[in-house]
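A.B. asks: Take a look at the following structure, please.
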Amino acid sequence: MITSIRIGLVVVCLVIVTLALLPFQLLGLAFDWKIRRYVPRLWHRSACWLLGIRIRVHGHIERRRPLMLAANHASWKDILVLGAVADVVYIAKSEVANWPVFGILAKLQKTIFVVREEKRRTGEQVNEIAARMNAGEIVVLFPEGTTSDGNRLLEVKSSLFGAAAAAVPHTPDGVVHVQPVAIAYTRVHGMAMGRFHRPLAAWPGDIELMPHLIGVLKEGALDVEVAFGDTVDFRTGDNRKHLSQNITAQLRRMLIRHLRQREYDAD
């Protein structure tokens, strides 16, 4: 009974926050005001607080622009967490635009939707990514290409860094700064999470959304560590596979460090 009441209060409060911020975001989108970049951060912070997601940040976000963040991906909650930490915009597959609730929220944040199957639209999509970064926006890429179980880093697809490589010629200084960001869900109700509770944090994709969301609302207390790594400067002529290897090594090291509270051993 108490749990049901708490879930109801969280949902009501989230709706109130959304309705309060919505007019400002709609105006920002209509007139392309910079406020459209800042309002989502307020919403994400409110959502994290209401859901009981407590964030601890390690390191600092790169100050130079244009900037692309490359993050591991365990759940839809990664969107809330990164959005609460910085004013970011996401690159997402086109299917997300049609998802209930999340698709609407993604559009309100002016997410960059990409159609991977349509090669003829690649140039158009890359131009949008480059333009957004050149305008000072921080673009987030999930280079695993899908969500994981939260216990490990999946294979990082170097092809997904093609957006950064193709955007380089369109940037003023011929460089895109790429910074790895590790997101590790470590505790539930203050206790070490471990593999048994990891499904509360992760959403691999084969689990239905609503039961997973209700499970998160029932728990109401998750701790997440967000670690910023060393920025890699990617220029014309640089090899994106080398970029991918560098980002992968950093992500794996930071993820294991925070999940297992020990340093990553390459051996």
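In the structure tokens, chains take letters A, B, ... by order of appearance, with residues numbered from 1 within each chain and ligands from 1 in the order shown.
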Give one line per residue of range 37-116 of chain A that approaches range 138-159 of chain A to at most 12 Å, naming the two atoms of the closest pair and their distance in Å to one decimal, counting only C-alpha atoms; sort by chain then ascending residue number and deliver it as CSV.
C.D. replies:
```
residue,atom,partner,partner_atom,distance
A:Arg37,CA,A:Ile138,CA,9.7
A:Tyr38,CA,A:Ile138,CA,11.8
A:Ile61,CA,A:Ile138,CA,10.0
A:Glu62,CA,A:Ile138,CA,9.8
A:Arg63,CA,A:Ile138,CA,10.1
A:Arg64,CA,A:Ile138,CA,10.1
A:Arg65,CA,A:Ile138,CA,8.0
A:Pro66,CA,A:Ile138,CA,7.3
A:Leu67,CA,A:Ile138,CA,5.4
A:Met68,CA,A:Val139,CA,4.8
A:Leu69,CA,A:Val140,CA,4.7
A:Ala70,CA,A:Leu141,CA,4.9
A:Ala71,CA,A:Phe142,CA,5.2
A:Asn72,CA,A:Phe142,CA,5.9
A:His73,CA,A:Thr147,CA,5.0
A:Ala74,CA,A:Thr147,CA,4.7
A:Ser75,CA,A:Thr147,CA,6.0
A:Trp76,CA,A:Thr147,CA,8.5
A:Lys77,CA,A:Thr147,CA,10.8
A:Asp78,CA,A:Thr147,CA,9.9
A:Ile79,CA,A:Val140,CA,9.5
A:Leu82,CA,A:Val140,CA,8.8
A:Gly83,CA,A:Val140,CA,9.8
A:Val85,CA,A:Ile138,CA,11.7
A:Ala86,CA,A:Ile138,CA,8.3
A:Asp87,CA,A:Ile138,CA,6.9
A:Val88,CA,A:Ile138,CA,4.9
A:Val89,CA,A:Val139,CA,5.0
A:Tyr90,CA,A:Val140,CA,4.8
A:Ile91,CA,A:Leu141,CA,5.7
A:Ala92,CA,A:Leu141,CA,8.0
A:Lys93,CA,A:Gly145,CA,9.0
A:Gln109,CA,A:Val139,CA,11.8
A:Lys110,CA,A:Val139,CA,11.1
A:Thr111,CA,A:Val139,CA,9.2
A:Ile112,CA,A:Val139,CA,8.9
A:Phe113,CA,A:Leu141,CA,11.5
A:Val114,CA,A:Leu141,CA,11.5
A:Arg116,CA,A:Ser159,CA,10.8
```
A.B. asks: Selection from above, C-alpha atoms, as a PDB file, in the first residue's frame, can you write it?
C.D. replies:
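Just written: again.pdb:
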```
ATOM      1  CA  ARG A  37      19.431  23.325 -24.022  1.00  0.00           C
ATOM      2  CA  TYR A  38      19.043  24.174 -20.327  1.00  0.00           C
ATOM      3  CA  ILE A  61      33.578  17.345 -18.420  1.00  0.00           C
ATOM      4  CA  GLU A  62      35.805  18.704 -21.182  1.00  0.00           C
ATOM      5  CA  ARG A  63      35.464  22.483 -21.586  1.00  0.00           C
ATOM      6  CA  ARG A  64      36.680  22.664 -25.177  1.00  0.00           C
ATOM      7  CA  ARG A  65      34.262  22.517 -28.063  1.00  0.00           C
ATOM      8  CA  PRO A  66      33.130  20.871 -30.291  1.00  0.00           C
ATOM      9  CA  LEU A  67      32.633  17.982 -27.877  1.00  0.00           C
ATOM     10  CA  MET A  68      31.284  14.467 -28.246  1.00  0.00           C
ATOM     11  CA  LEU A  69      30.770  12.259 -25.189  1.00  0.00           C
ATOM     12  CA  ALA A  70      31.107   8.495 -25.689  1.00  0.00           C
ATOM     13  CA  ALA A  71      29.319   6.608 -22.910  1.00  0.00           C
ATOM     14  CA  ASN A  72      28.584   2.988 -22.084  1.00  0.00           C
ATOM     15  CA  HIS A  73      24.894   2.170 -22.183  1.00  0.00           C
ATOM     16  CA  ALA A  74      23.054   0.020 -19.646  1.00  0.00           C
ATOM     17  CA  SER A  75      19.599   1.547 -19.435  1.00  0.00           C
ATOM     18  CA  TRP A  76      17.189   4.336 -20.341  1.00  0.00           C
ATOM     19  CA  LYS A  77      18.249   5.780 -16.973  1.00  0.00           C
ATOM     20  CA  ASP A  78      21.588   6.713 -18.561  1.00  0.00           C
ATOM     21  CA  ILE A  79      19.661   9.430 -20.425  1.00  0.00           C
ATOM     22  CA  LEU A  82      23.854  12.289 -18.158  1.00  0.00           C
ATOM     23  CA  GLY A  83      21.109  14.829 -18.757  1.00  0.00           C
ATOM     24  CA  VAL A  85      24.994  16.226 -15.148  1.00  0.00           C
ATOM     25  CA  ALA A  86      25.357  18.343 -18.297  1.00  0.00           C
ATOM     26  CA  ASP A  87      23.388  20.105 -21.023  1.00  0.00           C
ATOM     27  CA  VAL A  88      23.607  17.391 -23.642  1.00  0.00           C
ATOM     28  CA  VAL A  89      21.866  16.197 -26.785  1.00  0.00           C
ATOM     29  CA  TYR A  90      21.700  12.555 -27.793  1.00  0.00           C
ATOM     30  CA  ILE A  91      22.219  10.601 -30.984  1.00  0.00           C
ATOM     31  CA  ALA A  92      19.559   7.903 -31.189  1.00  0.00           C
ATOM     32  CA  LYS A  93      18.294   5.428 -33.744  1.00  0.00           C
ATOM     33  CA  GLN A 109      15.177  17.526 -26.156  1.00  0.00           C
ATOM     34  CA  LYS A 110      15.833  17.815 -29.900  1.00  0.00           C
ATOM     35  CA  THR A 111      17.543  14.439 -30.095  1.00  0.00           C
ATOM     36  CA  ILE A 112      19.424  13.716 -33.324  1.00  0.00           C
ATOM     37  CA  PHE A 113      17.694  10.723 -34.890  1.00  0.00           C
ATOM     38  CA  VAL A 114      19.760   8.705 -37.346  1.00  0.00           C
ATOM     39  CA  ARG A 116      21.492   3.746 -40.174  1.00  0.00           C
TER      40      ARG A 116
END
```
A.B. asks: Using only C-alpha atoms, which residues sit within 12 Å of Ala227 in chain A once same-chain residues fewer than 5 positions away are excluded, as a PDB file with all heavy atoms, in the first residue's frame?
C.D. replies:
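The file below, around-v9.pdb, is the result:
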```pdb
ATOM      1  N   ILE A  55      23.476  10.648  -7.856  1.00  0.00           N
ATOM      2  CA  ILE A  55      24.598  10.692  -8.793  1.00  0.00           C
ATOM      3  C   ILE A  55      25.851  11.221  -8.128  1.00  0.00           C
ATOM      4  O   ILE A  55      25.821  12.246  -7.445  1.00  0.00           O
ATOM      5  CB  ILE A  55      24.252  11.601 -10.003  1.00  0.00           C
ATOM      6  CG1 ILE A  55      22.942  11.138 -10.658  1.00  0.00           C
ATOM      7  CG2 ILE A  55      25.386  11.595 -11.017  1.00  0.00           C
ATOM      8  CD1 ILE A  55      22.398  12.119 -11.683  1.00  0.00           C
ATOM      9  N   ARG A  56      26.955  10.515  -8.342  1.00  0.00           N
ATOM     10  CA  ARG A  56      28.263  10.981  -7.876  1.00  0.00           C
ATOM     11  C   ARG A  56      29.171  11.110  -9.101  1.00  0.00           C
ATOM     12  O   ARG A  56      29.355  10.146  -9.844  1.00  0.00           O
ATOM     13  CB  ARG A  56      28.869  10.004  -6.874  1.00  0.00           C
ATOM     14  CG  ARG A  56      30.222  10.464  -6.326  1.00  0.00           C
ATOM     15  CD  ARG A  56      30.795   9.446  -5.362  1.00  0.00           C
ATOM     16  NE  ARG A  56      29.889   9.196  -4.244  1.00  0.00           N
ATOM     17  CZ  ARG A  56      30.071   8.239  -3.333  1.00  0.00           C
ATOM     18  NH1 ARG A  56      31.115   7.427  -3.451  1.00  0.00           N
ATOM     19  NH2 ARG A  56      29.218   8.079  -2.345  1.00  0.00           N
ATOM     20  N   VAL A  57      29.719  12.296  -9.290  1.00  0.00           N
ATOM     21  CA  VAL A  57      30.531  12.576 -10.474  1.00  0.00           C
ATOM     22  C   VAL A  57      32.018  12.513 -10.147  1.00  0.00           C
ATOM     23  O   VAL A  57      32.464  13.037  -9.116  1.00  0.00           O
ATOM     24  CB  VAL A  57      30.184  13.967 -11.059  1.00  0.00           C
ATOM     25  CG1 VAL A  57      31.064  14.276 -12.266  1.00  0.00           C
ATOM     26  CG2 VAL A  57      28.709  14.029 -11.440  1.00  0.00           C
ATOM     27  N   HIS A  58      32.774  11.855 -11.031  1.00  0.00           N
ATOM     28  CA  HIS A  58      34.232  11.754 -10.890  1.00  0.00           C
ATOM     29  C   HIS A  58      34.872  12.399 -12.117  1.00  0.00           C
ATOM     30  O   HIS A  58      34.511  12.080 -13.250  1.00  0.00           O
ATOM     31  CB  HIS A  58      34.662  10.287 -10.795  1.00  0.00           C
ATOM     32  CG  HIS A  58      33.982   9.526  -9.698  1.00  0.00           C
ATOM     33  ND1 HIS A  58      34.511   9.395  -8.438  1.00  0.00           N
ATOM     34  CD2 HIS A  58      32.786   8.873  -9.689  1.00  0.00           C
ATOM     35  CE1 HIS A  58      33.682   8.679  -7.683  1.00  0.00           C
ATOM     36  NE2 HIS A  58      32.629   8.351  -8.428  1.00  0.00           N
ATOM     37  N   GLY A  59      35.817  13.286 -11.887  1.00  0.00           N
ATOM     38  CA  GLY A  59      36.456  13.975 -12.998  1.00  0.00           C
ATOM     39  C   GLY A  59      35.615  15.150 -13.461  1.00  0.00           C
ATOM     40  O   GLY A  59      34.638  15.541 -12.807  1.00  0.00           O
ATOM     41  N   HIS A  60      35.966  15.690 -14.624  1.00  0.00           N
ATOM     42  CA  HIS A  60      35.293  16.878 -15.127  1.00  0.00           C
ATOM     43  C   HIS A  60      34.999  16.742 -16.613  1.00  0.00           C
ATOM     44  O   HIS A  60      35.764  16.123 -17.360  1.00  0.00           O
ATOM     45  CB  HIS A  60      36.153  18.124 -14.894  1.00  0.00           C
ATOM     46  CG  HIS A  60      36.523  18.341 -13.453  1.00  0.00           C
ATOM     47  ND1 HIS A  60      35.657  18.909 -12.547  1.00  0.00           N
ATOM     48  CD2 HIS A  60      37.654  18.037 -12.762  1.00  0.00           C
ATOM     49  CE1 HIS A  60      36.245  18.963 -11.365  1.00  0.00           C
ATOM     50  NE2 HIS A  60      37.456  18.440 -11.468  1.00  0.00           N
ATOM     51  N   ILE A  61      33.917  17.340 -17.007  1.00  0.00           N
ATOM     52  CA  ILE A  61      33.578  17.345 -18.420  1.00  0.00           C
ATOM     53  C   ILE A  61      34.509  18.302 -19.165  1.00  0.00           C
ATOM     54  O   ILE A  61      34.906  19.343 -18.624  1.00  0.00           O
ATOM     55  CB  ILE A  61      32.102  17.752 -18.620  1.00  0.00           C
ATOM     56  CG1 ILE A  61      31.666  17.467 -20.057  1.00  0.00           C
ATOM     57  CG2 ILE A  61      31.872  19.211 -18.247  1.00  0.00           C
ATOM     58  CD1 ILE A  61      30.163  17.558 -20.251  1.00  0.00           C
ATOM     59  N   LEU A  69      30.579  13.181 -26.303  1.00  0.00           N
ATOM     60  CA  LEU A  69      30.770  12.259 -25.189  1.00  0.00           C
ATOM     61  C   LEU A  69      30.449  10.846 -25.655  1.00  0.00           C
ATOM     62  O   LEU A  69      29.422  10.630 -26.310  1.00  0.00           O
ATOM     63  CB  LEU A  69      29.853  12.632 -24.011  1.00  0.00           C
ATOM     64  CG  LEU A  69      30.039  14.013 -23.383  1.00  0.00           C
ATOM     65  CD1 LEU A  69      29.049  14.204 -22.233  1.00  0.00           C
ATOM     66  CD2 LEU A  69      31.467  14.189 -22.873  1.00  0.00           C
ATOM     67  N   ALA A  70      31.328   9.903 -25.338  1.00  0.00           N
ATOM     68  CA  ALA A  70      31.107   8.495 -25.689  1.00  0.00           C
ATOM     69  C   ALA A  70      30.890   7.728 -24.392  1.00  0.00           C
ATOM     70  O   ALA A  70      31.807   7.607 -23.578  1.00  0.00           O
ATOM     71  CB  ALA A  70      32.309   7.935 -26.450  1.00  0.00           C
ATOM     72  N   ALA A  71      29.676   7.239 -24.182  1.00  0.00           N
ATOM     73  CA  ALA A  71      29.319   6.608 -22.910  1.00  0.00           C
ATOM     74  C   ALA A  71      28.878   5.164 -23.094  1.00  0.00           C
ATOM     75  O   ALA A  71      28.297   4.811 -24.124  1.00  0.00           O
ATOM     76  CB  ALA A  71      28.207   7.407 -22.234  1.00  0.00           C
ATOM     77  N   ASN A  72      29.149   4.336 -22.073  1.00  0.00           N
ATOM     78  CA  ASN A  72      28.584   2.988 -22.084  1.00  0.00           C
ATOM     79  C   ASN A  72      27.083   3.102 -21.828  1.00  0.00           C
ATOM     80  O   ASN A  72      26.599   4.114 -21.312  1.00  0.00           O
ATOM     81  CB  ASN A  72      29.254   2.115 -21.016  1.00  0.00           C
ATOM     82  CG  ASN A  72      29.021   2.627 -19.603  1.00  0.00           C
ATOM     83  OD1 ASN A  72      29.488   3.704 -19.232  1.00  0.00           O
ATOM     84  ND2 ASN A  72      28.291   1.861 -18.801  1.00  0.00           N
ATOM     85  N   VAL A  81      20.554  10.357 -16.207  1.00  0.00           N
ATOM     86  CA  VAL A  81      21.771  10.626 -15.442  1.00  0.00           C
ATOM     87  C   VAL A  81      22.675  11.626 -16.147  1.00  0.00           C
ATOM     88  O   VAL A  81      23.091  12.636 -15.567  1.00  0.00           O
ATOM     89  CB  VAL A  81      22.527   9.308 -15.165  1.00  0.00           C
ATOM     90  CG1 VAL A  81      23.909   9.591 -14.578  1.00  0.00           C
ATOM     91  CG2 VAL A  81      21.721   8.427 -14.209  1.00  0.00           C
ATOM     92  N   LEU A  82      22.988  11.364 -17.413  1.00  0.00           N
ATOM     93  CA  LEU A  82      23.854  12.289 -18.158  1.00  0.00           C
ATOM     94  C   LEU A  82      23.163  13.638 -18.361  1.00  0.00           C
ATOM     95  O   LEU A  82      23.800  14.691 -18.321  1.00  0.00           O
ATOM     96  CB  LEU A  82      24.232  11.689 -19.513  1.00  0.00           C
ATOM     97  CG  LEU A  82      25.335  10.629 -19.499  1.00  0.00           C
ATOM     98  CD1 LEU A  82      25.580  10.113 -20.917  1.00  0.00           C
ATOM     99  CD2 LEU A  82      26.625  11.184 -18.918  1.00  0.00           C
ATOM    100  N   VAL A  85      23.618  15.790 -15.397  1.00  0.00           N
ATOM    101  CA  VAL A  85      24.994  16.226 -15.148  1.00  0.00           C
ATOM    102  C   VAL A  85      25.411  17.362 -16.072  1.00  0.00           C
ATOM    103  O   VAL A  85      26.162  18.258 -15.683  1.00  0.00           O
ATOM    104  CB  VAL A  85      25.965  15.030 -15.301  1.00  0.00           C
ATOM    105  CG1 VAL A  85      27.417  15.482 -15.265  1.00  0.00           C
ATOM    106  CG2 VAL A  85      25.704  13.999 -14.198  1.00  0.00           C
ATOM    107  N   GLN A 179      35.290  12.559 -25.515  1.00  0.00           N
ATOM    108  CA  GLN A 179      35.587  12.232 -24.120  1.00  0.00           C
ATOM    109  C   GLN A 179      34.764  11.023 -23.668  1.00  0.00           C
ATOM    110  O   GLN A 179      33.544  11.020 -23.787  1.00  0.00           O
ATOM    111  CB  GLN A 179      35.278  13.417 -23.208  1.00  0.00           C
ATOM    112  CG  GLN A 179      35.663  13.185 -21.742  1.00  0.00           C
ATOM    113  CD  GLN A 179      35.420  14.412 -20.875  1.00  0.00           C
ATOM    114  OE1 GLN A 179      34.545  15.232 -21.165  1.00  0.00           O
ATOM    115  NE2 GLN A 179      36.195  14.551 -19.805  1.00  0.00           N
ATOM    116  N   PRO A 180      35.418   9.982 -23.145  1.00  0.00           N
ATOM    117  CA  PRO A 180      34.688   8.812 -22.643  1.00  0.00           C
ATOM    118  C   PRO A 180      34.034   9.106 -21.296  1.00  0.00           C
ATOM    119  O   PRO A 180      34.589   9.829 -20.468  1.00  0.00           O
ATOM    120  CB  PRO A 180      35.781   7.745 -22.507  1.00  0.00           C
ATOM    121  CG  PRO A 180      37.030   8.526 -22.257  1.00  0.00           C
ATOM    122  CD  PRO A 180      36.885   9.805 -23.048  1.00  0.00           C
ATOM    123  N   VAL A 181      32.850   8.540 -21.099  1.00  0.00           N
ATOM    124  CA  VAL A 181      32.118   8.699 -19.844  1.00  0.00           C
ATOM    125  C   VAL A 181      31.588   7.334 -19.418  1.00  0.00           C
ATOM    126  O   VAL A 181      30.815   6.706 -20.156  1.00  0.00           O
ATOM    127  CB  VAL A 181      30.932   9.675 -19.981  1.00  0.00           C
ATOM    128  CG1 VAL A 181      30.296   9.915 -18.616  1.00  0.00           C
ATOM    129  CG2 VAL A 181      31.360  10.981 -20.609  1.00  0.00           C
ATOM    130  N   ALA A 182      32.008   6.874 -18.248  1.00  0.00           N
ATOM    131  CA  ALA A 182      31.555   5.578 -17.739  1.00  0.00           C
ATOM    132  C   ALA A 182      30.419   5.791 -16.741  1.00  0.00           C
ATOM    133  O   ALA A 182      30.523   6.625 -15.832  1.00  0.00           O
ATOM    134  CB  ALA A 182      32.699   4.835 -17.067  1.00  0.00           C
ATOM    135  N   ILE A 183      29.335   5.051 -16.929  1.00  0.00           N
ATOM    136  CA  ILE A 183      28.178   5.134 -16.044  1.00  0.00           C
ATOM    137  C   ILE A 183      28.055   3.789 -15.328  1.00  0.00           C
ATOM    138  O   ILE A 183      27.808   2.763 -15.970  1.00  0.00           O
ATOM    139  CB  ILE A 183      26.893   5.433 -16.826  1.00  0.00           C
ATOM    140  CG1 ILE A 183      27.073   6.699 -17.680  1.00  0.00           C
ATOM    141  CG2 ILE A 183      25.706   5.581 -15.885  1.00  0.00           C
ATOM    142  CD1 ILE A 183      25.928   6.945 -18.643  1.00  0.00           C
ATOM    143  N   ALA A 184      28.222   3.792 -14.012  1.00  0.00           N
ATOM    144  CA  ALA A 184      28.203   2.545 -13.241  1.00  0.00           C
ATOM    145  C   ALA A 184      27.171   2.638 -12.120  1.00  0.00           C
ATOM    146  O   ALA A 184      27.265   3.516 -11.255  1.00  0.00           O
ATOM    147  CB  ALA A 184      29.585   2.259 -12.660  1.00  0.00           C
ATOM    148  N   TYR A 185      26.186   1.751 -12.146  1.00  0.00           N
ATOM    149  CA  TYR A 185      25.187   1.684 -11.080  1.00  0.00           C
ATOM    150  C   TYR A 185      25.744   0.767  -9.991  1.00  0.00           C
ATOM    151  O   TYR A 185      25.983  -0.428 -10.224  1.00  0.00           O
ATOM    152  CB  TYR A 185      23.864   1.162 -11.631  1.00  0.00           C
ATOM    153  CG  TYR A 185      23.273   2.082 -12.673  1.00  0.00           C
ATOM    154  CD1 TYR A 185      23.611   1.937 -14.025  1.00  0.00           C
ATOM    155  CD2 TYR A 185      22.417   3.116 -12.318  1.00  0.00           C
ATOM    156  CE1 TYR A 185      23.095   2.800 -14.982  1.00  0.00           C
ATOM    157  CE2 TYR A 185      21.905   3.990 -13.273  1.00  0.00           C
ATOM    158  CZ  TYR A 185      22.251   3.822 -14.601  1.00  0.00           C
ATOM    159  OH  TYR A 185      21.752   4.679 -15.553  1.00  0.00           O
ATOM    160  N   GLN A 250      39.543   3.059 -21.985  1.00  0.00           N
ATOM    161  CA  GLN A 250      39.204   3.958 -20.872  1.00  0.00           C
ATOM    162  C   GLN A 250      37.857   3.602 -20.250  1.00  0.00           C
ATOM    163  O   GLN A 250      37.718   3.571 -19.022  1.00  0.00           O
ATOM    164  CB  GLN A 250      39.179   5.409 -21.353  1.00  0.00           C
ATOM    165  CG  GLN A 250      40.542   5.995 -21.673  1.00  0.00           C
ATOM    166  CD  GLN A 250      40.479   7.516 -21.712  1.00  0.00           C
ATOM    167  OE1 GLN A 250      40.123   8.158 -20.724  1.00  0.00           O
ATOM    168  NE2 GLN A 250      40.835   8.091 -22.848  1.00  0.00           N
ATOM    169  N   LEU A 251      36.868   3.334 -21.092  1.00  0.00           N
ATOM    170  CA  LEU A 251      35.542   2.994 -20.582  1.00  0.00           C
ATOM    171  C   LEU A 251      35.587   1.727 -19.733  1.00  0.00           C
ATOM    172  O   LEU A 251      35.009   1.665 -18.645  1.00  0.00           O
ATOM    173  CB  LEU A 251      34.559   2.802 -21.735  1.00  0.00           C
ATOM    174  CG  LEU A 251      33.997   4.063 -22.393  1.00  0.00           C
ATOM    175  CD1 LEU A 251      33.093   3.696 -23.569  1.00  0.00           C
ATOM    176  CD2 LEU A 251      33.230   4.913 -21.394  1.00  0.00           C
ATOM    177  N   ARG A 252      36.288   0.695 -20.232  1.00  0.00           N
ATOM    178  CA  ARG A 252      36.355  -0.564 -19.501  1.00  0.00           C
ATOM    179  C   ARG A 252      37.070  -0.381 -18.159  1.00  0.00           C
ATOM    180  O   ARG A 252      36.643  -0.904 -17.132  1.00  0.00           O
ATOM    181  CB  ARG A 252      37.071  -1.625 -20.359  1.00  0.00           C
ATOM    182  CG  ARG A 252      37.136  -2.993 -19.677  1.00  0.00           C
ATOM    183  CD  ARG A 252      37.603  -4.078 -20.623  1.00  0.00           C
ATOM    184  NE  ARG A 252      36.580  -4.406 -21.615  1.00  0.00           N
ATOM    185  CZ  ARG A 252      36.714  -4.236 -22.912  1.00  0.00           C
ATOM    186  NH1 ARG A 252      37.836  -3.747 -23.403  1.00  0.00           N
ATOM    187  NH2 ARG A 252      35.742  -4.553 -23.738  1.00  0.00           N
ATOM    188  N   ARG A 253      38.144   0.396 -18.181  1.00  0.00           N
ATOM    189  CA  ARG A 253      38.903   0.627 -16.960  1.00  0.00           C
ATOM    190  C   ARG A 253      38.054   1.367 -15.909  1.00  0.00           C
ATOM    191  O   ARG A 253      37.997   0.973 -14.747  1.00  0.00           O
ATOM    192  CB  ARG A 253      40.165   1.431 -17.279  1.00  0.00           C
ATOM    193  CG  ARG A 253      41.089   1.654 -16.070  1.00  0.00           C
ATOM    194  CD  ARG A 253      42.337   2.410 -16.464  1.00  0.00           C
ATOM    195  NE  ARG A 253      43.120   1.670 -17.450  1.00  0.00           N
ATOM    196  CZ  ARG A 253      43.277   2.021 -18.715  1.00  0.00           C
ATOM    197  NH1 ARG A 253      42.702   3.132 -19.167  1.00  0.00           N
ATOM    198  NH2 ARG A 253      44.006   1.300 -19.543  1.00  0.00           N
ATOM    199  N   MET A 254      37.388   2.414 -16.347  1.00  0.00           N
ATOM    200  CA  MET A 254      36.589   3.200 -15.405  1.00  0.00           C
ATOM    201  C   MET A 254      35.373   2.427 -14.917  1.00  0.00           C
ATOM    202  O   MET A 254      35.007   2.503 -13.737  1.00  0.00           O
ATOM    203  CB  MET A 254      36.152   4.512 -16.068  1.00  0.00           C
ATOM    204  CG  MET A 254      37.284   5.477 -16.344  1.00  0.00           C
ATOM    205  SD  MET A 254      36.729   7.109 -16.923  1.00  0.00           S
ATOM    206  CE  MET A 254      36.015   6.699 -18.533  1.00  0.00           C
ATOM    207  N   LEU A 255      34.732   1.667 -15.815  1.00  0.00           N
ATOM    208  CA  LEU A 255      33.544   0.907 -15.447  1.00  0.00           C
ATOM    209  C   LEU A 255      33.871  -0.149 -14.401  1.00  0.00           C
ATOM    210  O   LEU A 255      33.179  -0.271 -13.380  1.00  0.00           O
ATOM    211  CB  LEU A 255      32.935   0.261 -16.690  1.00  0.00           C
ATOM    212  CG  LEU A 255      31.589  -0.439 -16.514  1.00  0.00           C
ATOM    213  CD1 LEU A 255      30.528   0.533 -16.022  1.00  0.00           C
ATOM    214  CD2 LEU A 255      31.147  -1.107 -17.815  1.00  0.00           C
ATOM    215  N   ILE A 256      34.928  -0.917 -14.638  1.00  0.00           N
ATOM    216  CA  ILE A 256      35.314  -1.958 -13.689  1.00  0.00           C
ATOM    217  C   ILE A 256      35.765  -1.356 -12.361  1.00  0.00           C
ATOM    218  O   ILE A 256      35.460  -1.883 -11.283  1.00  0.00           O
ATOM    219  CB  ILE A 256      36.432  -2.838 -14.290  1.00  0.00           C
ATOM    220  CG1 ILE A 256      35.854  -3.682 -15.429  1.00  0.00           C
ATOM    221  CG2 ILE A 256      37.064  -3.734 -13.228  1.00  0.00           C
ATOM    222  CD1 ILE A 256      36.863  -4.582 -16.104  1.00  0.00           C
ATOM    223  N   ARG A 257      36.466  -0.237 -12.423  1.00  0.00           N
ATOM    224  CA  ARG A 257      36.930   0.426 -11.199  1.00  0.00           C
ATOM    225  C   ARG A 257      35.759   0.753 -10.281  1.00  0.00           C
ATOM    226  O   ARG A 257      35.822   0.531  -9.067  1.00  0.00           O
ATOM    227  CB  ARG A 257      37.691   1.698 -11.547  1.00  0.00           C
ATOM    228  CG  ARG A 257      38.185   2.494 -10.322  1.00  0.00           C
ATOM    229  CD  ARG A 257      38.735   3.829 -10.744  1.00  0.00           C
ATOM    230  NE  ARG A 257      39.782   3.678 -11.745  1.00  0.00           N
ATOM    231  CZ  ARG A 257      40.130   4.623 -12.610  1.00  0.00           C
ATOM    232  NH1 ARG A 257      39.477   5.781 -12.621  1.00  0.00           N
ATOM    233  NH2 ARG A 257      41.101   4.406 -13.479  1.00  0.00           N
ATOM    234  N   HIS A 258      34.674   1.238 -10.853  1.00  0.00           N
ATOM    235  CA  HIS A 258      33.548   1.659 -10.023  1.00  0.00           C
ATOM    236  C   HIS A 258      32.578   0.523  -9.706  1.00  0.00           C
ATOM    237  O   HIS A 258      31.956   0.519  -8.637  1.00  0.00           O
ATOM    238  CB  HIS A 258      32.820   2.826 -10.692  1.00  0.00           C
ATOM    239  CG  HIS A 258      33.644   4.082 -10.738  1.00  0.00           C
ATOM    240  ND1 HIS A 258      33.960   4.802  -9.602  1.00  0.00           N
ATOM    241  CD2 HIS A 258      34.254   4.714 -11.766  1.00  0.00           C
ATOM    242  CE1 HIS A 258      34.708   5.842  -9.935  1.00  0.00           C
ATOM    243  NE2 HIS A 258      34.905   5.799 -11.246  1.00  0.00           N
ATOM    244  N   LEU A 259      32.457  -0.440 -10.597  1.00  0.00           N
ATOM    245  CA  LEU A 259      31.596  -1.578 -10.312  1.00  0.00           C
ATOM    246  C   LEU A 259      32.193  -2.500  -9.263  1.00  0.00           C
ATOM    247  O   LEU A 259      31.503  -2.993  -8.368  1.00  0.00           O
ATOM    248  CB  LEU A 259      31.329  -2.378 -11.590  1.00  0.00           C
ATOM    249  CG  LEU A 259      30.352  -1.792 -12.609  1.00  0.00           C
ATOM    250  CD1 LEU A 259      30.243  -2.717 -13.818  1.00  0.00           C
ATOM    251  CD2 LEU A 259      28.979  -1.562 -11.994  1.00  0.00           C
TER     252      LEU A 259
END
```
A.B. asks: Of the candidates A:Val101, A:Ala166, A:Leu108, A:Ile5, which shows the shortest atom-to-atom distance to Glu124 in chain A, using only C-alpha atoms?
C.D. replies: A:Ala166
A.B. asks: Which residue is closest to Leu22 in chain A? Choose from A:Ile7, A:Ile104, A:Val96, A:Ala131 and count only C-alpha atoms.
C.D. replies: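 Selected residue with least distance to Leu22 in chain A: A:Ile104.
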